[in-house]
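Engineer: First, the structure itself, so that you have it in front of you.
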Amino acid sequence: MRIKTKLNLGVGLLFLMIIILSLVSGYAVFLIKADTENILKANYNTLEYSRNMILSLDEIKVNSDSTIHTFKEYLEKQTHNVTEPGEKEATAKLENDFALLEKNGSNEMVKAQIRQDIFSIMKLNLDAIKQKSDIAKHTAENANLWIAIVGTLCFLIAFNLLVNLPNNIANPIKELTQSIKEIANKNYSERVHFTNHNEYGDLAKSFNTMAQKLQEYNNSSLYKLFFEKKRLETLINNMHDPIIGLDHEGVILFVNDEALKIIGMKLEDVIGQSASALAVSNDLIRSLILKEPANDSQKKQPMKIFAHGKESYFDKETINITITPTGEEKEINIGDVIILRNITLFKELDFAKTNFIATVSHELKTPIASIKLSLQLLQNNKTGEMNDDQKQLVESIKEDSQRLLKITGELLNLSQLETGNIQLNIEKSNPYAIVNYATEAVKIQAEQKQIKLIVEANEHLQNVKADSEKTGWVLINYLSNAITYSSEKSTITIRLKEENDQITFQVIDTGKGIDARYKDKVFDKYFQIPGSQKSGTGLGLAISKEFIEAQNGTIGVESNLGLGSTFWFSLKV
């Protein structure tokens, strides 16, 4: 039987039984209502008339016309409400006795007889009420019985549907779902076995046919070719370099997501289209398919393309694809693959190196030459004799000049840091000596602004693995910046502490601090905080970062605008 037929029969039968239950209930209520109305109409009215006649009888006196009229009125109503056996005769006798009372209103014997007649009528109606109540009770009992029978049938049908219907529908679906999962896992030998001649049987037959065809397709060479094609497309799409494939007629066969991003087109608008036709409206495609002369002896320039939110540089490489057909010796061209290699990072590094060298040459070469010349003049006796203090100052300046020349040489090689060519002399270094070396170097600069340098260091600190000279240079750079941006007569604290097998060097000033927007940029090359005094090239902190990280250390800054700054770096012990 079909599932739809089962559902229609089950739900239809249940609906029919509910209608029958409603009709039986309505009919039972109607019968009970009819019996009740019969009692009220036939018997209750008679009792009411009889009660009023007894009341009027007690008030009848001689020549009491109004009372007799009232009695006669209720007696007349009673004559029209005769419904029970014997009630007609009793009512007729009451009329005869009332006729005698009209002639002699003071006859108590007649009154007693009339009262007896009324009681007889009341007794007949009371007996009838009891009998009719029993009939109504019997009707209610029959109604309850039929309602219970029909309700039980409805419950049994509903319970049967509740128990069997979900299983009949859900179990085949569950089995089919499991089979679909097996097919999805490439188990194409999976089959569904529904023997019922219903919708599920038809579904199982169609499913098995589909599984058989999938199994045949999976075992065919077409599937293997399609699988390899999908794998190749996935590989191309996951490459970070833009790639475009053309056939021998210049029709675009494939293009990966990176290429779509830079040409600004959708996949469906590109695949199968002629590259020449697209080049008419797309300058980038026109430059991509433009073939360079084979005898071009000049160095090939990279392509400048706006990609990834900035100007990017790509090196275009066109690979010609040729094959040798079976049985032939001559190769034939089947298309080209255009690959754009992103060299933006290398170009940026090249620009940075050029700018760096130019800046260092401009900023440092002339001042160093001037310092050296001045020192030579001071040391020449012809310019005059120097006292001991002056000689000490000249020697100090000479040492600083030599140190500056050495650092300048290292700065000129900063562009090679990415290649790992920086020369470091890593050894066990005394952190106290590094701090002392740095504070002595900036002592005169601090005294000029009456700034007090305070060293706070834990006792018995271990030696650090560091290049003491470059680490001292970083600390000097920190202190020089702190002195530059601190107010006169302020305090700068140099703090040393040991944590987790590392020595942390901190330089704490009370300057104006750094805006949160620029905290992540202060270690970038050439960056200077907007609004600050342009006292340098913006390379000091960048070089410091390179020096510390080259020693496997960490570097950073903590600052709040208006509350000063804390520049720090950590080195391993």
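Chain labels follow the order of the structure tokens: the first chain is A, the next B, and so on; residue numbering restarts at 1 in every chain, and ligands are counted from 1 in their shown order.
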I'd like to know which residues of region 251-285 of chain A are alpha helix (DSSP H) (by DSSP, run on the backbone); could you write them as a list in words?
Structural biologist: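 Taking region 251-285 of chain A and keeping alpha helix (DSSP H) gives Asp257, Glu258, Ala259, Leu260, Lys261, Ile262, Ile263, Ala275, Ser276, Ala277, Leu278, Ala279, Asp283, Leu284 and Ile285 of chain A.
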Engineer: Output C-alpha atoms of each residue in that selection to a file, as a short mmCIF file (atom, residue, chain, number, x, y, z; two decimals), in the first residue's frame.
Structural biologist:
data_model
loop_
_atom_site.label_atom_id
_atom_site.label_comp_id
_atom_site.auth_asym_id
_atom_site.auth_seq_id
_atom_site.Cartn_x
_atom_site.Cartn_y
_atom_site.Cartn_z
CA ASP A 257 41.40 33.69 -7.49
CA GLU A 258 44.49 35.87 -7.13
CA ALA A 259 44.39 36.74 -10.82
CA LEU A 260 40.67 37.57 -10.62
CA LYS A 261 41.40 39.98 -7.76
CA ILE A 262 43.96 42.00 -9.69
CA ILE A 263 42.06 42.11 -13.01
CA ALA A 275 41.79 37.34 -24.08
CA SER A 276 42.06 39.72 -27.05
CA ALA A 277 38.39 40.63 -26.75
CA LEU A 278 38.69 41.24 -23.01
CA ALA A 279 41.83 43.30 -23.55
CA ASP A 283 44.14 47.45 -19.74
CA LEU A 284 45.64 44.93 -17.35
CA ILE A 285 44.69 41.94 -19.49
#
Engineer: Please list as a PDB file with N, CA and C atoms, in the first residue's frame every residue within 12 Å of Ser312 (chain A), counting only C-alpha atoms and excluding residues in the same chain fewer than 3 positions away.
Structural biologist:
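Result file is part.pdb:
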ATOM      1  N   ILE A 262      43.208  40.873  -9.132  1.00  0.00           N
ATOM      2  CA  ILE A 262      43.964  42.005  -9.694  1.00  0.00           C
ATOM      3  C   ILE A 262      43.369  42.508 -11.004  1.00  0.00           C
ATOM      4  N   PRO A 302      59.583  45.183 -13.836  1.00  0.00           N
ATOM      5  CA  PRO A 302      58.389  44.579 -13.221  1.00  0.00           C
ATOM      6  C   PRO A 302      57.140  45.397 -13.528  1.00  0.00           C
ATOM      7  N   MET A 303      55.998  44.714 -13.467  1.00  0.00           N
ATOM      8  CA  MET A 303      54.718  45.385 -13.686  1.00  0.00           C
ATOM      9  C   MET A 303      54.233  45.991 -12.380  1.00  0.00           C
ATOM     10  N   LYS A 304      53.770  47.228 -12.451  1.00  0.00           N
ATOM     11  CA  LYS A 304      53.211  47.895 -11.282  1.00  0.00           C
ATOM     12  C   LYS A 304      51.684  47.797 -11.362  1.00  0.00           C
ATOM     13  N   ILE A 305      51.091  47.124 -10.374  1.00  0.00           N
ATOM     14  CA  ILE A 305      49.638  46.891 -10.346  1.00  0.00           C
ATOM     15  C   ILE A 305      49.119  47.263  -8.961  1.00  0.00           C
ATOM     16  N   PHE A 306      47.974  47.912  -8.923  1.00  0.00           N
ATOM     17  CA  PHE A 306      47.345  48.227  -7.637  1.00  0.00           C
ATOM     18  C   PHE A 306      46.609  46.978  -7.148  1.00  0.00           C
ATOM     19  N   ALA A 307      47.172  46.340  -6.153  1.00  0.00           N
ATOM     20  CA  ALA A 307      46.589  45.106  -5.620  1.00  0.00           C
ATOM     21  C   ALA A 307      46.801  45.067  -4.111  1.00  0.00           C
ATOM     22  N   HIS A 308      45.874  44.393  -3.413  1.00  0.00           N
ATOM     23  CA  HIS A 308      45.941  44.245  -1.956  1.00  0.00           C
ATOM     24  C   HIS A 308      45.968  45.595  -1.252  1.00  0.00           C
ATOM     25  N   GLY A 309      45.276  46.574  -1.830  1.00  0.00           N
ATOM     26  CA  GLY A 309      45.156  47.885  -1.211  1.00  0.00           C
ATOM     27  C   GLY A 309      46.368  48.767  -1.334  1.00  0.00           C
ATOM     28  N   ASP A 315      56.419  40.281 -11.341  1.00  0.00           N
ATOM     29  CA  ASP A 315      57.318  39.854 -12.411  1.00  0.00           C
ATOM     30  C   ASP A 315      56.560  38.863 -13.286  1.00  0.00           C
ATOM     31  N   LEU A 340      52.266  35.568 -12.641  1.00  0.00           N
ATOM     32  CA  LEU A 340      52.719  36.849 -12.083  1.00  0.00           C
ATOM     33  C   LEU A 340      53.276  36.594 -10.690  1.00  0.00           C
ATOM     34  N   ARG A 341      54.578  36.748 -10.548  1.00  0.00           N
ATOM     35  CA  ARG A 341      55.200  36.532  -9.245  1.00  0.00           C
ATOM     36  C   ARG A 341      55.266  37.863  -8.501  1.00  0.00           C
ATOM     37  N   ASN A 342      54.712  37.861  -7.295  1.00  0.00           N
ATOM     38  CA  ASN A 342      54.641  39.091  -6.493  1.00  0.00           C
ATOM     39  C   ASN A 342      56.013  39.386  -5.885  1.00  0.00           C
ATOM     40  N   ILE A 343      56.625  40.449  -6.354  1.00  0.00           N
ATOM     41  CA  ILE A 343      57.952  40.834  -5.849  1.00  0.00           C
ATOM     42  C   ILE A 343      57.865  42.159  -5.083  1.00  0.00           C
ATOM     43  N   THR A 344      56.664  42.474  -4.598  1.00  0.00           N
ATOM     44  CA  THR A 344      56.464  43.745  -3.902  1.00  0.00           C
ATOM     45  C   THR A 344      57.378  43.851  -2.684  1.00  0.00           C
ATOM     46  N   LEU A 345      57.482  42.770  -1.923  1.00  0.00           N
ATOM     47  CA  LEU A 345      58.310  42.793  -0.718  1.00  0.00           C
ATOM     48  C   LEU A 345      59.762  43.106  -1.064  1.00  0.00           C
ATOM     49  N   PHE A 346      60.252  42.488  -2.118  1.00  0.00           N
ATOM     50  CA  PHE A 346      61.650  42.734  -2.491  1.00  0.00           C
ATOM     51  C   PHE A 346      61.853  44.171  -2.983  1.00  0.00           C
ATOM     52  N   LYS A 347      60.859  44.689  -3.690  1.00  0.00           N
ATOM     53  CA  LYS A 347      60.967  46.072  -4.144  1.00  0.00           C
ATOM     54  C   LYS A 347      60.948  47.034  -2.957  1.00  0.00           C
ATOM     55  N   GLU A 348      60.095  46.742  -1.962  1.00  0.00           N
ATOM     56  CA  GLU A 348      60.036  47.599  -0.791  1.00  0.00           C
ATOM     57  C   GLU A 348      61.362  47.566  -0.035  1.00  0.00           C
TER      58      GLU A 348
END
Engineer: Can you pull out the residues contacting Asn552 (chain A)? Cut-off 12 Å, using only C-alpha atoms, and skip same-chain residues under 6 positions away; I want them as a PyMOL selection string.
Structural biologist: chain A and resi 424+426+464-467+502+545-546+569-573
Engineer: If I take CA of Lys512 (chain A) and CA of Gly564 (chain A), how far is one from the other in Å, to one decimal?
Structural biologist: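 Separation between CA of Lys512 (chain A) and CA of Gly564 (chain A): 5.3 Å.
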Engineer: Could you tell me, as JSON, numbers by chain, which residues of region 197-324 of chain A DSSP assigns to strand (DSSP E or B) when given the backbone?
Structural biologist: {"A": [243, 244, 245, 246, 247, 251, 252, 253, 254, 255, 274, 303, 304, 305, 306, 307, 310, 311, 312, 313, 314, 315, 316, 317, 318, 319, 320, 321, 322, 323]}
Engineer: Just to be explicit: take each residue in the selection above, keep N, CA and C atoms, and write the result as a CSV table (one decimal), in the first residue's frame.
Structural biologist:
chain,number,residue,atom,x,y,z
A,243,ILE,N,47.7,33.4,-11.8
A,243,ILE,CA,48.0,32.5,-12.9
A,243,ILE,C,46.8,32.6,-13.9
A,244,ILE,N,47.1,32.7,-15.2
A,244,ILE,CA,46.1,32.7,-16.2
A,244,ILE,C,46.5,31.7,-17.3
A,245,GLY,N,45.6,30.8,-17.7
A,245,GLY,CA,45.9,29.8,-18.7
A,245,GLY,C,45.2,30.1,-20.0
A,246,LEU,N,45.9,30.1,-21.2
A,246,LEU,CA,45.3,30.3,-22.5
A,246,LEU,C,45.5,29.2,-23.4
A,247,ASP,N,44.6,28.9,-24.3
A,247,ASP,CA,44.8,27.9,-25.3
A,247,ASP,C,45.6,28.5,-26.5
A,251,VAL,N,42.1,31.8,-26.0
A,251,VAL,CA,40.9,31.7,-25.2
A,251,VAL,C,41.3,31.3,-23.8
A,252,ILE,N,40.8,32.0,-22.8
A,252,ILE,CA,41.2,31.8,-21.4
A,252,ILE,C,40.5,30.5,-20.9
A,253,LEU,N,41.4,29.5,-20.5
A,253,LEU,CA,40.9,28.2,-20.0
A,253,LEU,C,40.8,28.2,-18.5
A,254,PHE,N,41.7,28.8,-17.8
A,254,PHE,CA,41.5,28.8,-16.3
A,254,PHE,C,42.2,30.1,-15.8
A,255,VAL,N,41.8,30.5,-14.6
A,255,VAL,CA,42.3,31.7,-14.0
A,255,VAL,C,42.1,31.5,-12.5
A,274,SER,N,37.7,35.2,-25.2
A,274,SER,CA,39.0,35.5,-25.8
A,274,SER,C,39.7,36.6,-25.1
A,303,MET,N,56.0,44.7,-13.5
A,303,MET,CA,54.7,45.4,-13.7
A,303,MET,C,54.2,46.0,-12.4
A,304,LYS,N,53.8,47.2,-12.5
A,304,LYS,CA,53.2,47.9,-11.3
A,304,LYS,C,51.7,47.8,-11.4
A,305,ILE,N,51.1,47.1,-10.4
A,305,ILE,CA,49.6,46.9,-10.3
A,305,ILE,C,49.1,47.3,-9.0
A,306,PHE,N,48.0,47.9,-8.9
A,306,PHE,CA,47.3,48.2,-7.6
A,306,PHE,C,46.6,47.0,-7.1
A,307,ALA,N,47.2,46.3,-6.2
A,307,ALA,CA,46.6,45.1,-5.6
A,307,ALA,C,46.8,45.1,-4.1
A,310,LYS,N,47.3,48.4,-2.2
A,310,LYS,CA,48.5,49.2,-2.4
A,310,LYS,C,49.1,49.0,-3.7
A,311,GLU,N,50.1,49.8,-4.1
A,311,GLU,CA,50.8,49.5,-5.3
A,311,GLU,C,51.7,48.3,-5.1
A,312,SER,N,51.5,47.3,-6.0
A,312,SER,CA,52.3,46.1,-5.9
A,312,SER,C,53.1,45.9,-7.2
A,313,TYR,N,54.2,45.1,-7.1
A,313,TYR,CA,55.0,44.9,-8.2
A,313,TYR,C,55.0,43.4,-8.5
A,314,PHE,N,54.9,43.0,-9.8
A,314,PHE,CA,54.8,41.7,-10.2
A,314,PHE,C,55.8,41.4,-11.4
A,315,ASP,N,56.4,40.3,-11.3
A,315,ASP,CA,57.3,39.9,-12.4
A,315,ASP,C,56.6,38.9,-13.3
A,316,LYS,N,56.3,39.2,-14.5
A,316,LYS,CA,55.5,38.4,-15.4
A,316,LYS,C,56.4,37.4,-16.1
A,317,GLU,N,55.9,36.1,-16.1
A,317,GLU,CA,56.6,35.0,-16.8
A,317,GLU,C,55.5,34.3,-17.6
A,318,THR,N,55.8,34.2,-18.9
A,318,THR,CA,54.9,33.5,-19.8
A,318,THR,C,55.5,32.2,-20.2
A,319,ILE,N,54.8,31.1,-19.9
A,319,ILE,CA,55.4,29.8,-20.2
A,319,ILE,C,54.6,29.2,-21.4
A,320,ASN,N,55.3,28.9,-22.4
A,320,ASN,CA,54.7,28.3,-23.6
A,320,ASN,C,54.5,26.8,-23.5
A,321,ILE,N,53.3,26.3,-23.6
A,321,ILE,CA,53.1,24.9,-23.5
A,321,ILE,C,53.0,24.2,-24.8
A,322,THR,N,53.9,23.2,-25.0
A,322,THR,CA,53.9,22.5,-26.3
A,322,THR,C,53.9,21.0,-26.0
A,323,ILE,N,53.3,20.2,-27.0
A,323,ILE,CA,53.3,18.8,-26.8
A,323,ILE,C,53.7,18.1,-28.2
Engineer: List the spatial neighbours of Ser401 (chain A) as a list in words - criterion: any atom at most 8 Å away, only C-alpha atoms, same-chain residues fewer than 3 positions off excluded.
Structural biologist: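 Close residues of Ser401 (chain A): Ile368, Ile371, Lys372, Ile397, Lys398, Leu404 and Leu405 of chain A.
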Engineer: Using the selection just defined, write its residues with N, CA, C and O atoms as a short mmCIF file (atom, residue, chain, number, x, y, z; two decimals), in the first residue's frame.
Structural biologist:
data_model
loop_
_atom_site.label_atom_id
_atom_site.label_comp_id
_atom_site.auth_asym_id
_atom_site.auth_seq_id
_atom_site.Cartn_x
_atom_site.Cartn_y
_atom_site.Cartn_z
N ILE A 368 80.14 64.05 10.81
CA ILE A 368 81.31 63.28 11.28
C ILE A 368 82.59 63.88 10.71
O ILE A 368 83.61 64.01 11.42
N ILE A 371 83.36 66.96 12.67
CA ILE A 371 83.88 66.64 14.01
C ILE A 371 85.35 66.22 13.94
O ILE A 371 86.19 66.65 14.74
N LYS A 372 85.67 65.38 12.97
CA LYS A 372 87.05 64.92 12.84
C LYS A 372 88.00 66.10 12.54
O LYS A 372 89.11 66.19 13.09
N ILE A 397 85.40 63.37 23.22
CA ILE A 397 84.77 63.61 21.92
C ILE A 397 85.36 62.70 20.86
O ILE A 397 84.65 62.17 19.99
N LYS A 398 86.64 62.47 20.95
CA LYS A 398 87.31 61.61 19.98
C LYS A 398 86.76 60.18 20.08
O LYS A 398 86.49 59.52 19.07
N LEU A 404 80.84 56.64 16.87
CA LEU A 404 79.83 57.04 15.90
C LEU A 404 80.19 56.55 14.50
O LEU A 404 79.33 56.12 13.73
N LEU A 405 81.51 56.61 14.18
CA LEU A 405 81.94 56.10 12.89
C LEU A 405 81.67 54.60 12.77
O LEU A 405 81.26 54.10 11.72
#
Engineer: Nearest to Met210 (chain A) among A:Lys93, A:Arg51, A:Arg191, A:Arg517, with distances taken over only C-alpha atoms: which residue is it?
Structural biologist: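 Closest residue, counting only C-alpha atoms: A:Arg191.
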Engineer: Please report the interatomic distance between CA of Leu214 (chain A) and CA of Asn168 (chain A) in Å with one decimal.
Structural biologist: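 Distance between the two atoms: 28.5 Å.
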Engineer: Nearest residue to Lys88 (chain A) out of A:Leu124, A:Ala352, A:Met53, A:Ile19, using only C-alpha atoms?
Structural biologist: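 Checking each of A:Leu124, A:Ala352, A:Met53, A:Ile19 against Lys88 (chain A), counting only C-alpha atoms, the winner is A:Leu124.
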Engineer: Just want the 10 Å neighbourhood of region 153-159 of chain A, counted on only C-alpha atoms, with same-chain residues fewer than 5 positions away dropped. Output as a PyMOL selection string.
Structural biologist: chain A and resi 10-11+13-18+20-21+147-148+164-165
Engineer: Could you name the residues that touch Ser487 (chain A) at 10 Å or less, counting only C-alpha atoms, but leaving out those on the same chain fewer than 6 positions away, as a VMD selection string?
Structural biologist: chain A and resid 449 to 451 509 to 512
Engineer: How many Å separate CA of Asn282 (chain A) from CA of Asp269 (chain A)?
Structural biologist: 12.2 Å
